[in-house]
Each structure stands twice: as C-alpha cells, then as structure tokens.
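Structure record follows, encoded as structure tokens.
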Amino acid sequence: MIKAYVLILLYVGKLEEVLDKLRKIENIKSIAVTTGDYDIITRVSVEKLEELMEVTDKIQLAGGIKRTTTSVIEKEIEL
Amino acid sequence: MRIRIRKRYLFYILLTASSLIAAVTTSIDGVISYFYIKNPWIFCVSVFLVGVFITIFLSLFLSIPVGGKSIGSRIDPSFRRVRLIKRDEVGYHVMAGIGNTVNTLGYFYILSVFIDPSAVLPFFQVVILYLLITESLSEKDTPTLAEIESSIIVTFGAIMASISLSGEINVMALLVIFLIMNPGWVVLAIYQRKLKLMKINKKPNDSINIRLWNVIFTTVFTSVIVLLYSRTYFIDSIRTASKYYPWLSLTMGVTFFAYVLYIRALGLGKASISQAVKASTIIFVIPFSILLSRYMDFSFSANPTLLIIKIMGIVLVVLGVMTFALTEVKAYVFINAKGNQSIDELTKKIWHIRGVTAVSALAGKHDVLAKIRIRTLGKGYERIIRKLEGIDGIEKFSWESILKEWEEI
C-alpha cells in the first residue's frame, strides 16, 4: 500500500469546482481545505506507484489547479 | 470509494440516532420494570437470556446478501457476515462484557428505584468525566479547559435534569451510579472502541459483530454472577424470560440498533465526545416520560419549581454538548529537518507532543508532516508551536489550519 499527500495550489475562485471534482476521484481518502502555503491538502492511498500517477493526473485535470506537489509517506505513526 | 459525507456529520448523525433509540429502550425498560419484572437481578438475567437469541437472529438476518452486499452493510459498511471472534479480540471482549454486566446490573437497579426514564438517563451523562480522565491517561490527550468546562456543564446539567420530582435523594442509588454503573459503562465504551479500531483481515472491525459477541459474553457473565448471588433468582430469571419474552425481545431488539450505531460512532471519534453527543437522549426521552407518567406512579410536572430545575438541567446538558461539538481546531504542520538529523528520531520527538494525532515522514519538498487536533488555536501555540521550536533538529516549519475537511468513512 502506498500513501501520499498531494498538496494543491488553486487559481482564485476555483475552490468549489475543484472540491466537487476531487470528491469523485477514487483513492482520495481525505480532502482538507487549508490556509497557508497550500489551498487543499489531499491524502491518497493506492496499491502501486502507477496508480498514484493516475490519481495525480486526475487531480491535475480537475480544472483550476495552479500547481500540485506530491509527497509520498515513507513512515507513519498515528492514533 | 468516493467521499460523499463529512466524517464529522456522520459521527453526529449516528450518535443522535443512537440516542433517540436509547430513549425508546429506556422507556420500554421502565414499563417492564414497573408492570412485570420488579426485581433488577431477575430483569437483568432474563433480558440477556432472551436478548442473546434476538441478537443472534438480527445479526444473521443482517448477514443475508442483497445485491452483492449484506443487509447489515447498509448500517455499517465494514460488516459482511456473522463471524467467530479472533484470538486478538478475546481479551477486549471479556473486558467489554464485564463492563456491560456491571453497568446493566446497576442500570436495572436504578430503573427499579426511579421508574421515570427522564430521571434515569441523565445519570449516564456523568460518565463523561470518567471518560475524560481515562482518555487523558490512555490516549496522550490531556483534556483542555474547554473540555473540562463542557464536562462540568454536562455533569451539573445531568444532576439537575435527573432530580427526583419528589425532591428526595437516594444515597444508595447515587453510590450505585457513581461506583458501579458509570465505571462499568466506561470499561464497556473504552473496550468497544478498541475493538472497533481493530483491523480484522486488514479491514476495519464491524459494529454488528462487536455487539453480537458483547451480548454473548455479557449473558454468560450476568448468568454466572446472579447464579452465585442467588440460585433462586437465576431459576426465576429463566421462568421470567419464557413468560415475558415478547417484551424482552422488543427491548433487546431495539437496544441492538442503538448499540450498533453507537459502536460505529466510537470508531469515528473520541469516547468522551461520543458520550457528550449521546447526552441528547435525555431530551428525546421527555415525550416518553410524559406519556408514561399517565399510566405509572410518577409525576412529570407536579411541582413547577422542580420542573424548572429539570428543564434548566436539560438546557445545560445541551449547551455542554454543543460546546464540545463546536470547539475543535485541526491543522497540518509541514516540517523541514536540519542536515545530519535522523528523520526517524525527529518523527518520534514530534509524535510525543500532545495534540499531534499523526506524524508522517515524507519524500519530497518537506521531511515531516504532523496532523494536529486541539480545542483552541491558543493551545496550538502553547502546546504545539513552543514544543516544535524546542526541538533541535527542525530547520523550519509552517502551520496550515484546516478550514474544512472530508474523510472517507
């Protein structure tokens, strides 16, 4: 299982449209609208790296996306 | 699976539905206790003797596949079919069974003393204090001032709402509530949550099997305790179970769904906050209490002063619950490490900060990502930022507050 965060920067006025599209993409486990350097932080979970590329492709094509940064999780500790 | 509903909303929907059903159950229990089974020991054993069959029947019914999925998966998507418990679950089920046994014995005793469901249910809400203390010890999650304030509001509200309209104080009943019933509920809630958070065959555990096995264990423990206490009571319980099985089936059938929804909610949020939301049950029970007071020997509105105190108590409980529900701040903190710094060690140091719910070591622009959950932004500074600044291996970090979040359930 490969997990990653996809950090998204948007063009102004595109938030609702992008959120609607992101919520329909398979393998996105969480979507957070944030303040700061990024507008949206999504958490993705896939079986293979190729699938991660498919997900990031779909995100890129959601419209209104200025830039994405993908950070693969190497190790994780959680409650 | 696509994200359709926010986790937080589902959490509150599940608990509110569970509270409504619990109000119905307590009212049915009140009727049974008043008209048919006055002895709490006999009521407790007989309800589980009948309940174990009803629970097995309902669980098997919910296992029936329709359209490729079991009927029960509509209630809990993790449920596929009835299954045997795994070795890892046994310890937790034993503890949850003991908790349920102790709590239920206390509950039927209190019910036999107070009769009025609207006087019985508020006592359960005091359990939130026990849960906050337990969580602060077990989940590295010290309660904040807002949590303590809300708990006190809920507790005082519960005491006021549960005031006997005759104005009497029953010391024995209060001892049973504080020393037996509520500790039993804490054990039950904590171990059911542990079970719900377990992975079974790499998939989340389901609330229907957890409830089924909890009833089985509780039936065994209750029977043994009552048998040791009084053999006559146990034999009478069997007779009572066969005589009043329609009423007992009704209450245990309804209780089944209240618990399944509650256990599912426990997998989504902290036990103390679940308990706070579940406090709404004391409002749902009011119409039932008014209805029952026409047929049973208690008065809901005989004394206006006591009635006002009762209503004030209910308002306090609702306010306390709302404070709990509305005060939560979540954030991501992106961290970059200095050179010559072990990322593994750094993640462990960050993990030990209170309020950090997840830490991920990342490949890419940032080295570490921490997820934060706190009550106020002020706590974010005191508890998180100051601690991060004290860690030597951090080059820089940036705080990203979460304004809104959707999570797959």
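As shown in the structure tokens, the chain order sets the letters A, B, ...; within each chain, residues go from 1, and ligands are also counted from 1 in the order they appear.
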
Counting only C-alpha atoms, give me one row per residue of chain A with an atom at most 8 Å from an atom of chain B, showing the shortest contact pair and its distance in Å to one decimal, sorted by chain then residue number, as a tab-separated table.
```
residue	atom	partner	partner_atom	distance
A:Arg23	CA	B:Ile3	CA	5.3
A:Lys24	CA	B:Arg2	CA	5.4
A:Ile25	CA	B:Arg2	CA	6.4
A:Glu26	CA	B:Arg2	CA	5.7
A:Asn27	CA	B:Met1	CA	7.0
A:Ile28	CA	B:Arg2	CA	7.6
A:Lys29	CA	B:Glu408	CA	5.1
A:Ser30	CA	B:Glu407	CA	4.2
A:Ile31	CA	B:Trp406	CA	5.2
A:Ala32	CA	B:Glu405	CA	4.3
A:Val33	CA	B:Lys404	CA	5.3
A:Thr34	CA	B:Ile402	CA	4.4
A:Thr35	CA	B:Glu400	CA	5.3
A:Gly36	CA	B:Glu400	CA	5.2
A:Asp37	CA	B:Glu400	CA	7.3
A:Tyr38	CA	B:Glu400	CA	7.7
A:Thr69	CA	B:Lys365	CA	7.9
A:Thr70	CA	B:Gly364	CA	7.2
A:Ser71	CA	B:Gly364	CA	5.2
A:Val72	CA	B:Ala363	CA	5.3
A:Ile73	CA	B:Leu362	CA	4.6
A:Glu74	CA	B:Ala361	CA	5.4
A:Lys75	CA	B:Ala361	CA	5.1
A:Glu76	CA	B:Ser360	CA	4.3
A:Ile77	CA	B:Val359	CA	5.3
A:Glu78	CA	B:Ala358	CA	4.0
A:Leu79	CA	B:Thr357	CA	5.6
```

Keeping N, CA and C atoms, export the residues of the selection given above as an mmCIF file, in the first residue's frame.
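Result file out.cif:
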```cif
data_model
loop_
_atom_site.group_PDB
_atom_site.id
_atom_site.type_symbol
_atom_site.label_atom_id
_atom_site.label_comp_id
_atom_site.auth_asym_id
_atom_site.auth_seq_id
_atom_site.Cartn_x
_atom_site.Cartn_y
_atom_site.Cartn_z
ATOM 1 N N ARG A 23 -13.817 15.149 -4.833
ATOM 2 C CA ARG A 23 -14.636 14.224 -4.030
ATOM 3 C C ARG A 23 -15.103 13.020 -4.837
ATOM 4 N N LYS A 24 -14.996 13.116 -6.161
ATOM 5 C CA LYS A 24 -15.423 11.995 -7.013
ATOM 6 C C LYS A 24 -14.256 11.103 -7.424
ATOM 7 N N ILE A 25 -13.047 11.469 -7.084
ATOM 8 C CA ILE A 25 -11.884 10.678 -7.509
ATOM 9 C C ILE A 25 -11.651 9.520 -6.535
ATOM 10 N N GLU A 26 -11.541 8.311 -7.122
ATOM 11 C CA GLU A 26 -11.261 7.120 -6.311
ATOM 12 C C GLU A 26 -9.873 7.265 -5.675
ATOM 13 N N ASN A 27 -9.673 6.599 -4.536
ATOM 14 C CA ASN A 27 -8.389 6.526 -3.824
ATOM 15 C C ASN A 27 -7.997 7.793 -3.064
ATOM 16 N N ILE A 28 -8.790 8.858 -3.182
ATOM 17 C CA ILE A 28 -8.529 10.019 -2.306
ATOM 18 C C ILE A 28 -9.238 9.736 -0.982
ATOM 19 N N LYS A 29 -8.459 9.658 0.084
ATOM 20 C CA LYS A 29 -9.014 9.259 1.384
ATOM 21 C C LYS A 29 -9.467 10.439 2.230
ATOM 22 N N SER A 30 -8.841 11.583 2.019
ATOM 23 C CA SER A 30 -9.312 12.771 2.744
ATOM 24 C C SER A 30 -8.977 14.033 1.954
ATOM 25 N N ILE A 31 -9.800 15.026 2.143
ATOM 26 C CA ILE A 31 -9.586 16.324 1.477
ATOM 27 C C ILE A 31 -9.716 17.397 2.557
ATOM 28 N N ALA A 32 -8.698 18.246 2.662
ATOM 29 C CA ALA A 32 -8.762 19.332 3.651
ATOM 30 C C ALA A 32 -8.520 20.665 2.953
ATOM 31 N N VAL A 33 -9.430 21.604 3.188
ATOM 32 C CA VAL A 33 -9.230 22.976 2.703
ATOM 33 C C VAL A 33 -8.415 23.688 3.775
ATOM 34 N N THR A 34 -7.280 24.254 3.375
ATOM 35 C CA THR A 34 -6.375 24.813 4.390
ATOM 36 C C THR A 34 -6.013 26.274 4.115
ATOM 37 N N THR A 35 -5.477 26.912 5.159
ATOM 38 C CA THR A 35 -4.914 28.259 4.989
ATOM 39 C C THR A 35 -3.396 28.090 4.908
ATOM 40 N N GLY A 36 -2.708 29.037 4.312
ATOM 41 C CA GLY A 36 -1.245 28.964 4.295
ATOM 42 C C GLY A 36 -0.694 28.754 2.899
ATOM 43 N N ASP A 37 0.390 27.962 2.793
ATOM 44 C CA ASP A 37 1.069 27.773 1.507
ATOM 45 C C ASP A 37 0.223 27.031 0.479
ATOM 46 N N TYR A 38 -0.667 26.163 0.954
ATOM 47 C CA TYR A 38 -1.492 25.370 0.035
ATOM 48 C C TYR A 38 -2.971 25.666 0.273
ATOM 49 N N THR A 69 1.953 19.370 -5.534
ATOM 50 C CA THR A 69 3.201 18.787 -5.029
ATOM 51 C C THR A 69 2.839 17.473 -4.367
ATOM 52 N N THR A 70 3.445 16.389 -4.823
ATOM 53 C CA THR A 70 3.122 15.080 -4.245
ATOM 54 C C THR A 70 4.235 14.639 -3.301
ATOM 55 N N SER A 71 3.836 14.287 -2.065
ATOM 56 C CA SER A 71 4.814 13.808 -1.071
ATOM 57 C C SER A 71 4.418 12.404 -0.629
ATOM 58 N N VAL A 72 5.246 11.426 -1.003
ATOM 59 C CA VAL A 72 4.949 10.036 -0.624
ATOM 60 C C VAL A 72 5.316 9.830 0.850
ATOM 61 N N ILE A 73 4.440 9.097 1.567
ATOM 62 C CA ILE A 73 4.689 8.839 3.000
ATOM 63 C C ILE A 73 5.633 7.644 3.118
ATOM 64 N N GLU A 74 6.773 7.867 3.765
ATOM 65 C CA GLU A 74 7.752 6.772 3.945
ATOM 66 C C GLU A 74 7.448 5.975 5.205
ATOM 67 N N LYS A 75 7.023 6.695 6.235
ATOM 68 C CA LYS A 75 6.706 6.037 7.514
ATOM 69 C C LYS A 75 5.653 6.878 8.220
ATOM 70 N N GLU A 76 4.806 6.213 8.996
ATOM 71 C CA GLU A 76 3.714 6.980 9.619
ATOM 72 C C GLU A 76 3.413 6.447 11.015
ATOM 73 N N ILE A 77 3.154 7.362 11.924
ATOM 74 C CA ILE A 77 2.670 6.983 13.262
ATOM 75 C C ILE A 77 1.357 7.724 13.452
ATOM 76 N N GLU A 78 0.297 7.000 13.854
ATOM 77 C CA GLU A 78 -0.979 7.707 14.099
ATOM 78 C C GLU A 78 -1.767 7.033 15.203
ATOM 79 N N LEU A 79 -2.696 7.793 15.773
ATOM 80 C CA LEU A 79 -3.545 7.271 16.853
ATOM 81 C C LEU A 79 -4.442 6.173 16.331
#
```

Report task. Among the residues of chain A, find those DSSP assigns to strand (DSSP E) from the backbone and print them as a ChimeraX atom specification. Result -> /A:2-10,28-34,40-46,65-78

Query - Shell of 10 Å around Ala62 (chain A), only C-alpha atoms, local chain residues under 5 positions omitted, as a list in words - result: Lys14, Glu17, Val18, Leu19, Asp20, Lys21, Leu22, Ile25, Thr56 and Asp57 of chain A

Report task. Excluding Met1 (chain A) and any residue of its chain fewer than 6 positions from it, enumerate the residues within 7 Å of it, using only C-alpha atoms, and give them as a ChimeraX atom specification. Result -> /A:45-48
